[in-house]
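Working notes, structure below.
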Amino acid sequence: MTPSSPLAVAMGDPAGIGPEILAKAWVRRAEERLPPFFAVGDGRAVARVWDGPTVRIGAPGEALAAFGDALPVLTVECASDIEPGAPSLEGARCALHALELATGLTSAGAAMALVTGPVSKAQMYQIGFTYPGQTEFVAERVGVAASSTVMMLAGPTLRVVPVTTHVALASVPELLTPALLMAKARVTARALVRDFGIASPRLAFAGLNPHAGEGGAIGREEIDVIIPAIEALRAEGIDATGPMAADTMFHVRARATYDAAICCYHDQALVPLKTLHFDEGVNITLGLPIVRTSPDHGTAFGIAGQDRAEPGAMVAAIRLAADAARRRADALASA
């Protein structure tokens with residue numbers, strides 16, 4: 001990978017809004033100052049929702065010359081017709097093949113970074129996809145254990161990390177351990193330096209219980225699990241604070257005191273992020289040897305093909321991926 005390489009964007013489910021927001025991101029390329037990127041998927045999916053120019057490329061490098069005049073597409077053909085808003089198993093297979101190709105190209109250095117469009121997990125599971133999500137698939141393909149990665153959701157004024165993700169809320173207390181909290185925090189701190197250019201990252205931990213447990217009156221997880229993790233991280237030189245009451249740590253003045261919020265469970269992290277930055281939220285996987293981002297929303301089959309999809313999150317995902325990849329390249333060049 002070089003700073004001048006294009007980004008690979010896996011289109012996602014061809015029946016979802018991925019093709020539309022990708023095309024709209026290309027339209028805004030100059031306005032948003034986006035770097036060259038190319039789509040990986042079936043060009044027919046784009047043609048069904050957009051009448052702009054596309055060009056079929058045979059290799060990532062061809063995207064650099066073509067990008068100014070048309071959306072470059074590295075084709076992965078779908079074996080069935082593509083109907084916006086009508087997901088199919090063949091569409092899911094196409095999305096999986098596109099994801100695999102885009103990941104491989106990025107891992108091999110042919111693309112600067114990887115951006116993944118939204119897929120339908122329900123459809124993917126029906127074709128034998130055995131991973132909880134695209135994050136775990138990408139991690140395995142680049143040789144990293146999923147347990148060593150961190151899912152961060154990032155917006156213009158907030159970054160959040162859910163320590164537990166797609167698990168039942170009832171399971172969260174037993175899954176939270178000092179070791180897990182520390183592992184996620186270490187990866188987050190390193191990534192804030194490496195990918196976001198923050199020299200001295202500040203991490204704020206959310207409490208699990210209301211009011212962060214009220215000194216043990218309404219739960220001991222803060223005392224028994226979260227505080228020991230924070231103290232150990234501080235001993236390692238990581239700027240960690242908390243636990244903070246989750247209902248008061250996301251207002252504007254509180255957000256100014258930290259660079260990332262470490263949250264105990266999925267909704268504790270995603271509710272404030274999506275409330276503040278619903279159309280700009282980006283999912284970035286920390287701890288990978290490549291940069292991987294994704295718009296923080298789903299396939300939205302209900303509005304696919306209706307020219308209603310907002311491309312802000314795709315634009316933000318492309319921009320964040322490029323910025324992080326450039327920081328990594330600059331760090332290597334100066335090492």
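Order determines the names: the first chain of the structure tokens is A, the second B, and so forth; residues in each chain are numbered 1 upward, and ligands are numbered 1 upward as they are shown.
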Members of region 174-263 of chain A assigned strand (DSSP E) by DSSP, as number ranges by chain
A: 202-206, 239-244, 260-263
What does the file look like for those residues with N, CA, C and O atoms, as a CSV table (one decimal), in the first residue's frame?
```csv
chain,number,residue,atom,x,y,z
A,202,ARG,N,-7.1,9.9,25.8
A,202,ARG,CA,-7.8,9.9,27.1
A,202,ARG,C,-9.0,9.0,27.0
A,202,ARG,O,-9.9,9.2,26.1
A,203,LEU,N,-9.1,8.0,27.8
A,203,LEU,CA,-10.2,7.0,27.8
A,203,LEU,C,-11.1,7.2,29.0
A,203,LEU,O,-10.6,7.3,30.2
A,204,ALA,N,-12.4,7.3,28.8
A,204,ALA,CA,-13.3,7.4,29.9
A,204,ALA,C,-14.2,6.2,29.9
A,204,ALA,O,-14.8,5.8,28.9
A,205,PHE,N,-14.3,5.5,31.1
A,205,PHE,CA,-15.1,4.3,31.2
A,205,PHE,C,-16.5,4.6,31.8
A,205,PHE,O,-16.6,5.4,32.7
A,206,ALA,N,-17.5,4.0,31.1
A,206,ALA,CA,-18.8,4.1,31.6
A,206,ALA,C,-19.1,3.1,32.7
A,206,ALA,O,-18.6,2.0,32.6
A,239,ASP,N,-4.1,6.9,30.1
A,239,ASP,CA,-4.9,7.9,30.8
A,239,ASP,C,-6.4,7.4,30.8
A,239,ASP,O,-7.1,7.6,29.8
A,240,ALA,N,-6.7,6.7,31.9
A,240,ALA,CA,-8.1,6.2,32.0
A,240,ALA,C,-8.8,6.8,33.2
A,240,ALA,O,-8.2,6.9,34.3
A,241,THR,N,-10.0,7.1,33.0
A,241,THR,CA,-10.8,7.7,34.1
A,241,THR,C,-12.2,7.0,34.2
A,241,THR,O,-12.6,6.3,33.2
A,242,GLY,N,-12.8,7.2,35.3
A,242,GLY,CA,-14.1,6.6,35.5
A,242,GLY,C,-14.1,5.7,36.7
A,242,GLY,O,-13.2,5.7,37.5
A,243,PRO,N,-15.2,4.9,36.9
A,243,PRO,CA,-16.3,4.8,36.0
A,243,PRO,C,-17.3,6.0,36.1
A,243,PRO,O,-17.5,6.5,37.2
A,244,MET,N,-17.8,6.5,35.0
A,244,MET,CA,-18.7,7.6,34.9
A,244,MET,C,-20.1,7.1,34.8
A,244,MET,O,-20.4,6.1,34.2
A,260,ALA,N,-12.2,8.9,23.8
A,260,ALA,CA,-13.0,7.7,23.5
A,260,ALA,C,-13.7,7.3,24.8
A,260,ALA,O,-13.1,7.3,25.8
A,261,ALA,N,-15.0,6.9,24.6
A,261,ALA,CA,-15.7,6.3,25.8
A,261,ALA,C,-15.7,4.8,25.7
A,261,ALA,O,-16.1,4.2,24.6
A,262,ILE,N,-15.3,4.1,26.7
A,262,ILE,CA,-15.3,2.7,26.8
A,262,ILE,C,-16.6,2.3,27.5
A,262,ILE,O,-16.8,2.5,28.7
A,263,CYS,N,-17.5,1.6,26.8
A,263,CYS,CA,-18.8,1.3,27.3
A,263,CYS,C,-19.0,-0.2,27.5
A,263,CYS,O,-18.3,-1.0,26.9
```
Taking only C-alpha atoms into account, produce a table as CSV in which each residue of region 275-308 of chain A with an atom at most 10 Å from an atom of region 119-142 of chain A appears once, together with its shortest atom pair and the distance in Å to one decimal, ordered by chain and rising number.
```
residue,atom,partner,partner_atom,distance
A:Asn283,CA,A:Thr135,CA,9.5
A:Ile284,CA,A:Thr135,CA,9.0
A:Thr285,CA,A:Thr135,CA,6.8
A:Leu286,CA,A:Thr135,CA,9.9
A:Gly287,CA,A:Ala139,CA,8.9
A:Leu288,CA,A:Ala139,CA,6.8
A:Pro289,CA,A:Val142,CA,7.2
A:Ile290,CA,A:Val142,CA,7.9
A:Arg292,CA,A:Val138,CA,8.4
A:Thr293,CA,A:Thr135,CA,9.3
A:Ser294,CA,A:Thr135,CA,9.5
A:His297,CA,A:Val119,CA,9.7
A:Gly298,CA,A:Val119,CA,6.8
A:Thr299,CA,A:Val119,CA,5.9
A:Ala300,CA,A:Ser120,CA,9.3
A:Phe301,CA,A:Ser120,CA,9.3
```
Write the residues you've just listed into a file as a short mmCIF file (atom, residue, chain, number, x, y, z; two decimals), in the first residue's frame, and include C-alpha atoms for each of them.
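Dumped to out.cif:
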```
data_model
loop_
_atom_site.label_atom_id
_atom_site.label_comp_id
_atom_site.auth_asym_id
_atom_site.auth_seq_id
_atom_site.Cartn_x
_atom_site.Cartn_y
_atom_site.Cartn_z
CA ASN A 283 -17.66 1.68 12.32
CA ILE A 284 -13.87 1.24 12.38
CA THR A 285 -12.23 -2.03 13.35
CA LEU A 286 -9.21 -1.41 15.58
CA GLY A 287 -6.31 -3.82 15.93
CA LEU A 288 -6.04 -4.94 12.29
CA PRO A 289 -2.93 -4.71 10.07
CA ILE A 290 -5.17 -2.99 7.49
CA ARG A 292 -11.22 -1.17 7.72
CA THR A 293 -14.24 1.10 8.11
CA SER A 294 -17.94 0.84 7.38
CA HIS A 297 -26.07 1.57 9.37
CA GLY A 298 -27.72 -1.38 7.71
CA THR A 299 -28.98 -2.30 4.26
CA ALA A 300 -32.25 -0.30 4.58
CA PHE A 301 -34.03 -2.52 2.06
#
```
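CA of Ala30 (chain A) lies 22.0 Å from CA of Gly43 (chain A).
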Residue set, region 1-230 of chain A restricted to alpha helix (DSSP H), as an MDAnalysis selection string
chainID A and resid 18:27 43:47 62:66 89:107 121:126 134:141 172:175 178:194 221 227:230
Can you tell me, as an NGL selection string, what residues are no more than 12 Å from Gly16 (chain A) when counting only C-alpha atoms, ignoring any on the same chain fewer than 5 positions away?
:A and (11 or 21-22 or 45-46 or 48-49 or 82-88 or 91-92 or 95 or 117-120 or 123 or 297-309)
Kindly export the residues of the current selection with N, CA and C atoms, as a short mmCIF file (atom, residue, chain, number, x, y, z; two decimals), in the first residue's frame.
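As a result, selection-v2.cif now contains:
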```
data_model
loop_
_atom_site.label_atom_id
_atom_site.label_comp_id
_atom_site.auth_asym_id
_atom_site.auth_seq_id
_atom_site.Cartn_x
_atom_site.Cartn_y
_atom_site.Cartn_z
N MET A 11 -19.26 -3.37 -2.02
CA MET A 11 -20.55 -2.72 -2.23
C MET A 11 -21.61 -3.12 -1.21
N ILE A 21 -25.53 4.72 -1.97
CA ILE A 21 -24.71 5.65 -1.19
C ILE A 21 -23.29 5.70 -1.72
N LEU A 22 -22.83 4.63 -2.32
CA LEU A 22 -21.50 4.62 -2.92
C LEU A 22 -21.47 5.55 -4.14
N ALA A 45 -25.97 -3.33 -9.99
CA ALA A 45 -26.64 -2.82 -8.79
C ALA A 45 -26.58 -1.30 -8.75
N VAL A 46 -25.48 -0.73 -9.19
CA VAL A 46 -25.36 0.72 -9.26
C VAL A 46 -26.27 1.27 -10.35
N ARG A 48 -29.01 0.19 -11.44
CA ARG A 48 -30.43 0.13 -11.10
C ARG A 48 -30.88 1.32 -10.27
N VAL A 49 -29.96 2.01 -9.62
CA VAL A 49 -30.35 3.09 -8.71
C VAL A 49 -29.74 4.44 -9.08
N ILE A 82 -30.94 -8.32 -10.14
CA ILE A 82 -30.83 -7.47 -8.96
C ILE A 82 -32.02 -6.53 -8.91
N GLU A 83 -32.78 -6.61 -7.84
CA GLU A 83 -33.94 -5.75 -7.64
C GLU A 83 -33.77 -5.00 -6.34
N PRO A 84 -33.61 -3.68 -6.38
CA PRO A 84 -33.46 -2.92 -5.14
C PRO A 84 -34.61 -3.18 -4.17
N GLY A 85 -34.25 -3.45 -2.94
CA GLY A 85 -35.25 -3.72 -1.92
C GLY A 85 -35.72 -5.15 -1.86
N ALA A 86 -35.20 -6.02 -2.73
CA ALA A 86 -35.60 -7.42 -2.77
C ALA A 86 -34.39 -8.31 -2.57
N PRO A 87 -33.96 -8.54 -1.33
CA PRO A 87 -32.76 -9.33 -1.09
C PRO A 87 -32.94 -10.78 -1.54
N SER A 88 -31.84 -11.39 -1.94
CA SER A 88 -31.85 -12.77 -2.39
C SER A 88 -30.60 -13.48 -1.90
N GLY A 91 -27.76 -12.61 -4.12
CA GLY A 91 -27.23 -11.30 -3.77
C GLY A 91 -26.30 -11.37 -2.58
N ALA A 92 -26.66 -12.19 -1.59
CA ALA A 92 -25.80 -12.36 -0.42
C ALA A 92 -24.48 -13.01 -0.81
N ALA A 95 -22.35 -10.39 -2.35
CA ALA A 95 -21.80 -9.51 -1.31
C ALA A 95 -20.62 -10.17 -0.61
N GLY A 117 -19.53 -2.03 2.63
CA GLY A 117 -20.93 -1.61 2.58
C GLY A 117 -21.79 -2.54 3.43
N PRO A 118 -23.03 -2.12 3.69
CA PRO A 118 -23.90 -2.91 4.57
C PRO A 118 -24.39 -4.21 3.93
N VAL A 119 -24.41 -5.26 4.72
CA VAL A 119 -24.93 -6.56 4.28
C VAL A 119 -26.06 -7.00 5.20
N SER A 120 -26.84 -7.95 4.72
CA SER A 120 -27.92 -8.52 5.53
C SER A 120 -27.40 -9.79 6.21
N GLN A 123 -29.56 -12.88 5.50
CA GLN A 123 -29.29 -13.52 4.22
C GLN A 123 -27.95 -14.21 4.22
N HIS A 297 -24.64 1.81 9.58
CA HIS A 297 -26.07 1.57 9.37
C HIS A 297 -26.22 0.30 8.55
N GLY A 298 -27.45 -0.13 8.39
CA GLY A 298 -27.72 -1.38 7.71
C GLY A 298 -28.09 -1.20 6.24
N THR A 299 -28.67 -2.26 5.68
CA THR A 299 -28.98 -2.30 4.26
C THR A 299 -30.18 -1.44 3.88
N ALA A 300 -31.07 -1.16 4.83
CA ALA A 300 -32.25 -0.30 4.58
C ALA A 300 -33.00 -0.73 3.32
N PHE A 301 -33.32 -2.02 3.24
CA PHE A 301 -34.03 -2.52 2.06
C PHE A 301 -35.33 -1.73 1.80
N GLY A 302 -35.95 -1.22 2.87
CA GLY A 302 -37.23 -0.53 2.72
C GLY A 302 -37.16 0.73 1.89
N ILE A 303 -35.98 1.34 1.76
CA ILE A 303 -35.87 2.56 0.96
C ILE A 303 -34.93 2.38 -0.23
N ALA A 304 -34.43 1.18 -0.43
CA ALA A 304 -33.49 0.94 -1.53
C ALA A 304 -34.17 1.22 -2.87
N GLY A 305 -33.45 1.89 -3.75
CA GLY A 305 -33.97 2.19 -5.07
C GLY A 305 -34.91 3.37 -5.15
N GLN A 306 -35.09 4.09 -4.04
CA GLN A 306 -36.03 5.21 -4.00
C GLN A 306 -35.33 6.57 -3.95
N ASP A 307 -34.04 6.60 -4.12
CA ASP A 307 -33.24 7.82 -4.08
C ASP A 307 -33.42 8.57 -2.77
N ARG A 308 -33.57 7.83 -1.68
CA ARG A 308 -33.78 8.44 -0.37
C ARG A 308 -32.61 8.20 0.58
N ALA A 309 -31.65 7.40 0.19
CA ALA A 309 -30.55 7.05 1.10
C ALA A 309 -29.58 8.22 1.25
#
```
Restricting the calculation to only C-alpha atoms, which member of A:Val55, A:Met151, A:Asp13, A:Ala313 is positioned closest to His166 (chain A)?
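Among A:Val55, A:Met151, A:Asp13, A:Ala313, it is A:Met151 that comes nearest to His166 (chain A).
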Residues of region 50-167 of chain A at most 8 Å from region 318-324 of chain A: nearest atom pair and distance in Å, only C-alpha atoms, as CSV:
```
residue,atom,partner,partner_atom,distance
A:Met112,CA,A:Ala322,CA,7.2
A:Ala113,CA,A:Ala321,CA,6.0
A:Leu114,CA,A:Ala321,CA,7.2
A:Val115,CA,A:Ile318,CA,6.5
```
With all heavy atoms retained, write the just-selected residues as a PDB file, in the first residue's frame.
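Printed below is selection_30.pdb as written:
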```pdb
ATOM      1  N   MET A 112      -5.437   1.075  -0.576  1.00  0.00           N
ATOM      2  CA  MET A 112      -4.965   1.813   0.596  1.00  0.00           C
ATOM      3  C   MET A 112      -5.673   1.367   1.857  1.00  0.00           C
ATOM      4  O   MET A 112      -5.073   1.256   2.930  1.00  0.00           O
ATOM      5  CB  MET A 112      -5.200   3.315   0.393  1.00  0.00           C
ATOM      6  CG  MET A 112      -4.877   4.175   1.611  1.00  0.00           C
ATOM      7  SD  MET A 112      -5.442   5.890   1.429  1.00  0.00           S
ATOM      8  CE  MET A 112      -4.174   6.516   0.349  1.00  0.00           C
ATOM      9  N   ALA A 113      -6.984   1.112   1.759  1.00  0.00           N
ATOM     10  CA  ALA A 113      -7.790   0.739   2.919  1.00  0.00           C
ATOM     11  C   ALA A 113      -9.050   0.053   2.420  1.00  0.00           C
ATOM     12  O   ALA A 113      -9.360   0.076   1.218  1.00  0.00           O
ATOM     13  CB  ALA A 113      -8.132   1.966   3.762  1.00  0.00           C
ATOM     14  N   LEU A 114      -9.778  -0.538   3.341  1.00  0.00           N
ATOM     15  CA  LEU A 114     -11.002  -1.268   3.028  1.00  0.00           C
ATOM     16  C   LEU A 114     -12.196  -0.576   3.664  1.00  0.00           C
ATOM     17  O   LEU A 114     -12.193  -0.267   4.853  1.00  0.00           O
ATOM     18  CB  LEU A 114     -10.902  -2.702   3.563  1.00  0.00           C
ATOM     19  CG  LEU A 114     -12.178  -3.554   3.530  1.00  0.00           C
ATOM     20  CD1 LEU A 114     -12.592  -3.839   2.083  1.00  0.00           C
ATOM     21  CD2 LEU A 114     -11.962  -4.863   4.293  1.00  0.00           C
ATOM     22  N   VAL A 115     -13.221  -0.325   2.843  1.00  0.00           N
ATOM     23  CA  VAL A 115     -14.507   0.157   3.333  1.00  0.00           C
ATOM     24  C   VAL A 115     -15.545  -0.888   2.956  1.00  0.00           C
ATOM     25  O   VAL A 115     -15.581  -1.346   1.812  1.00  0.00           O
ATOM     26  CB  VAL A 115     -14.878   1.514   2.718  1.00  0.00           C
ATOM     27  CG1 VAL A 115     -16.235   1.997   3.246  1.00  0.00           C
ATOM     28  CG2 VAL A 115     -13.799   2.557   3.014  1.00  0.00           C
TER      29      VAL A 115
END
```
Between CA of Leu34 (chain A) and CA of Glu280 (chain A) - distance in Å to one decimal:
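Rounded to one decimal, the two atoms are 14.9 Å apart.
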Distance query region 69-77 of chain A at most 6 Å, only C-alpha atoms, self and fewer than 4 positions along chain excluded, as a list in words:
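What passes the distance filter is Phe38, Ala39, Val40, Gly41, Asp42, Pro53, Thr54, Val55, Arg56, Ile57 and Ala63 of chain A.
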Residues from last step as file, N, CA, C and O atoms, as a PDB file, in the first residue's frame:
```pdb
ATOM      1  N   PHE A  38     -12.634   2.634  -5.478  1.00  0.00           N
ATOM      2  CA  PHE A  38     -13.334   1.824  -6.476  1.00  0.00           C
ATOM      3  C   PHE A  38     -14.297   0.883  -5.776  1.00  0.00           C
ATOM      4  O   PHE A  38     -14.062   0.447  -4.647  1.00  0.00           O
ATOM      5  N   ALA A  39     -15.402   0.611  -6.441  1.00  0.00           N
ATOM      6  CA  ALA A  39     -16.402  -0.302  -5.921  1.00  0.00           C
ATOM      7  C   ALA A  39     -16.023  -1.734  -6.277  1.00  0.00           C
ATOM      8  O   ALA A  39     -15.477  -1.990  -7.357  1.00  0.00           O
ATOM      9  N   VAL A  40     -16.336  -2.643  -5.380  1.00  0.00           N
ATOM     10  CA  VAL A  40     -16.164  -4.066  -5.654  1.00  0.00           C
ATOM     11  C   VAL A  40     -17.545  -4.698  -5.542  1.00  0.00           C
ATOM     12  O   VAL A  40     -18.148  -4.713  -4.462  1.00  0.00           O
ATOM     13  N   GLY A  41     -18.062  -5.169  -6.661  1.00  0.00           N
ATOM     14  CA  GLY A  41     -19.406  -5.731  -6.682  1.00  0.00           C
ATOM     15  C   GLY A  41     -19.936  -5.740  -8.103  1.00  0.00           C
ATOM     16  O   GLY A  41     -19.194  -5.555  -9.069  1.00  0.00           O
ATOM     17  N   ASP A  42     -21.232  -5.936  -8.208  1.00  0.00           N
ATOM     18  CA  ASP A  42     -21.874  -6.007  -9.518  1.00  0.00           C
ATOM     19  C   ASP A  42     -22.307  -4.606  -9.946  1.00  0.00           C
ATOM     20  O   ASP A  42     -23.126  -3.970  -9.274  1.00  0.00           O
ATOM     21  N   PRO A  53     -22.097   7.937 -14.521  1.00  0.00           N
ATOM     22  CA  PRO A  53     -21.094   7.157 -15.259  1.00  0.00           C
ATOM     23  C   PRO A  53     -20.348   6.156 -14.377  1.00  0.00           C
ATOM     24  O   PRO A  53     -19.938   6.476 -13.265  1.00  0.00           O
ATOM     25  N   THR A  54     -20.191   4.962 -14.873  1.00  0.00           N
ATOM     26  CA  THR A  54     -19.349   3.953 -14.230  1.00  0.00           C
ATOM     27  C   THR A  54     -18.375   3.423 -15.272  1.00  0.00           C
ATOM     28  O   THR A  54     -18.609   3.520 -16.477  1.00  0.00           O
ATOM     29  N   VAL A  55     -17.273   2.869 -14.795  1.00  0.00           N
ATOM     30  CA  VAL A  55     -16.306   2.255 -15.696  1.00  0.00           C
ATOM     31  C   VAL A  55     -15.821   0.960 -15.061  1.00  0.00           C
ATOM     32  O   VAL A  55     -15.506   0.913 -13.878  1.00  0.00           O
ATOM     33  N   ARG A  56     -15.805  -0.073 -15.859  1.00  0.00           N
ATOM     34  CA  ARG A  56     -15.338  -1.378 -15.379  1.00  0.00           C
ATOM     35  C   ARG A  56     -13.822  -1.415 -15.427  1.00  0.00           C
ATOM     36  O   ARG A  56     -13.216  -1.089 -16.449  1.00  0.00           O
ATOM     37  N   ILE A  57     -13.201  -1.783 -14.308  1.00  0.00           N
ATOM     38  CA  ILE A  57     -11.742  -1.871 -14.241  1.00  0.00           C
ATOM     39  C   ILE A  57     -11.331  -3.312 -14.012  1.00  0.00           C
ATOM     40  O   ILE A  57     -12.105  -4.119 -13.492  1.00  0.00           O
ATOM     41  N   ALA A  63      -8.154   2.445 -11.192  1.00  0.00           N
ATOM     42  CA  ALA A  63      -9.125   3.372 -10.612  1.00  0.00           C
ATOM     43  C   ALA A  63      -8.573   4.785 -10.525  1.00  0.00           C
ATOM     44  O   ALA A  63      -9.329   5.760 -10.575  1.00  0.00           O
TER      45      ALA A  63
END
```
Nearest residue to Gly219 (chain A) from the set A:Pro201, A:Pro173, A:Pro162, A:Val193 (distances using only C-alpha atoms):
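Using only C-alpha atoms, Gly219 (chain A) sits closest to A:Pro173.
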Quick one: pull the distance between CA of Val282 (chain A) and CA of Arg194 (chain A), Å, one decimal.
17.2 Å
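Candidate residues A:Val252, A:Leu99, A:Ala316, A:Ala199 were compared for distance to Thr116 (chain A), and the nearest is A:Leu99, using only C-alpha atoms.
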Nearest to Asp51 (chain A): which of A:Gly237, A:Pro36, A:Pro19, A:Gly68 is it, counting only C-alpha atoms?
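Among the listed residues, A:Pro19 lies closest to Asp51 (chain A).
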For Tyr258 (chain A), the nearest of the candidates A:Leu180, A:Ile198, A:Leu270, A:Ala47, counting only C-alpha atoms
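Ranked by minimum distance to Tyr258 (chain A), first place goes to A:Ile198.
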What's the 12 Å shell around Gly215 (chain A), counting only C-alpha atoms, without same-chain residues fewer than 4 positions away, as a PDB file with N, CA and C atoms, in the first residue's frame?
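Wrote part_39.pdb, looks like this:
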```
ATOM      1  N   GLY A 207     -19.865   3.412  33.666  1.00  0.00           N
ATOM      2  CA  GLY A 207     -20.293   2.408  34.633  1.00  0.00           C
ATOM      3  C   GLY A 207     -21.349   1.509  34.027  1.00  0.00           C
ATOM      4  N   ASN A 209     -23.919   0.101  35.956  1.00  0.00           N
ATOM      5  CA  ASN A 209     -25.174   0.314  36.670  1.00  0.00           C
ATOM      6  C   ASN A 209     -25.595   1.782  36.656  1.00  0.00           C
ATOM      7  N   PRO A 210     -26.866   2.066  36.947  1.00  0.00           N
ATOM      8  CA  PRO A 210     -27.295   3.462  37.057  1.00  0.00           C
ATOM      9  C   PRO A 210     -26.418   4.213  38.061  1.00  0.00           C
ATOM     10  N   HIS A 211     -26.065   5.446  37.716  1.00  0.00           N
ATOM     11  CA  HIS A 211     -25.231   6.292  38.577  1.00  0.00           C
ATOM     12  C   HIS A 211     -23.907   5.628  38.921  1.00  0.00           C
ATOM     13  N   GLY A 219     -25.255  -2.100  42.773  1.00  0.00           N
ATOM     14  CA  GLY A 219     -24.417  -2.941  41.933  1.00  0.00           C
ATOM     15  C   GLY A 219     -22.947  -2.796  42.261  1.00  0.00           C
ATOM     16  N   ARG A 220     -22.215  -3.909  42.220  1.00  0.00           N
ATOM     17  CA  ARG A 220     -20.798  -3.878  42.598  1.00  0.00           C
ATOM     18  C   ARG A 220     -19.852  -4.026  41.403  1.00  0.00           C
ATOM     19  N   GLU A 221     -20.375  -4.096  40.173  1.00  0.00           N
ATOM     20  CA  GLU A 221     -19.492  -4.279  39.025  1.00  0.00           C
ATOM     21  C   GLU A 221     -18.463  -3.152  38.907  1.00  0.00           C
ATOM     22  N   GLU A 222     -18.859  -1.952  39.227  1.00  0.00           N
ATOM     23  CA  GLU A 222     -17.911  -0.834  39.168  1.00  0.00           C
ATOM     24  C   GLU A 222     -16.752  -1.051  40.147  1.00  0.00           C
ATOM     25  N   ILE A 223     -17.075  -1.481  41.359  1.00  0.00           N
ATOM     26  CA  ILE A 223     -16.059  -1.676  42.397  1.00  0.00           C
ATOM     27  C   ILE A 223     -15.202  -2.909  42.125  1.00  0.00           C
ATOM     28  N   ASP A 224     -15.848  -3.993  41.713  1.00  0.00           N
ATOM     29  CA  ASP A 224     -15.146  -5.264  41.587  1.00  0.00           C
ATOM     30  C   ASP A 224     -14.474  -5.474  40.231  1.00  0.00           C
ATOM     31  N   ILE A 227     -13.243  -0.505  38.235  1.00  0.00           N
ATOM     32  CA  ILE A 227     -12.207   0.281  38.909  1.00  0.00           C
ATOM     33  C   ILE A 227     -10.861  -0.449  38.927  1.00  0.00           C
ATOM     34  N   PRO A 243     -15.176   4.910  36.861  1.00  0.00           N
ATOM     35  CA  PRO A 243     -16.326   4.834  35.955  1.00  0.00           C
ATOM     36  C   PRO A 243     -17.260   6.032  36.101  1.00  0.00           C
ATOM     37  N   MET A 244     -17.773   6.484  34.966  1.00  0.00           N
ATOM     38  CA  MET A 244     -18.680   7.614  34.932  1.00  0.00           C
ATOM     39  C   MET A 244     -20.114   7.127  34.769  1.00  0.00           C
ATOM     40  N   ALA A 245     -21.044   7.875  35.327  1.00  0.00           N
ATOM     41  CA  ALA A 245     -22.455   7.556  35.129  1.00  0.00           C
ATOM     42  C   ALA A 245     -22.793   7.747  33.653  1.00  0.00           C
TER      43      ALA A 245
END
```
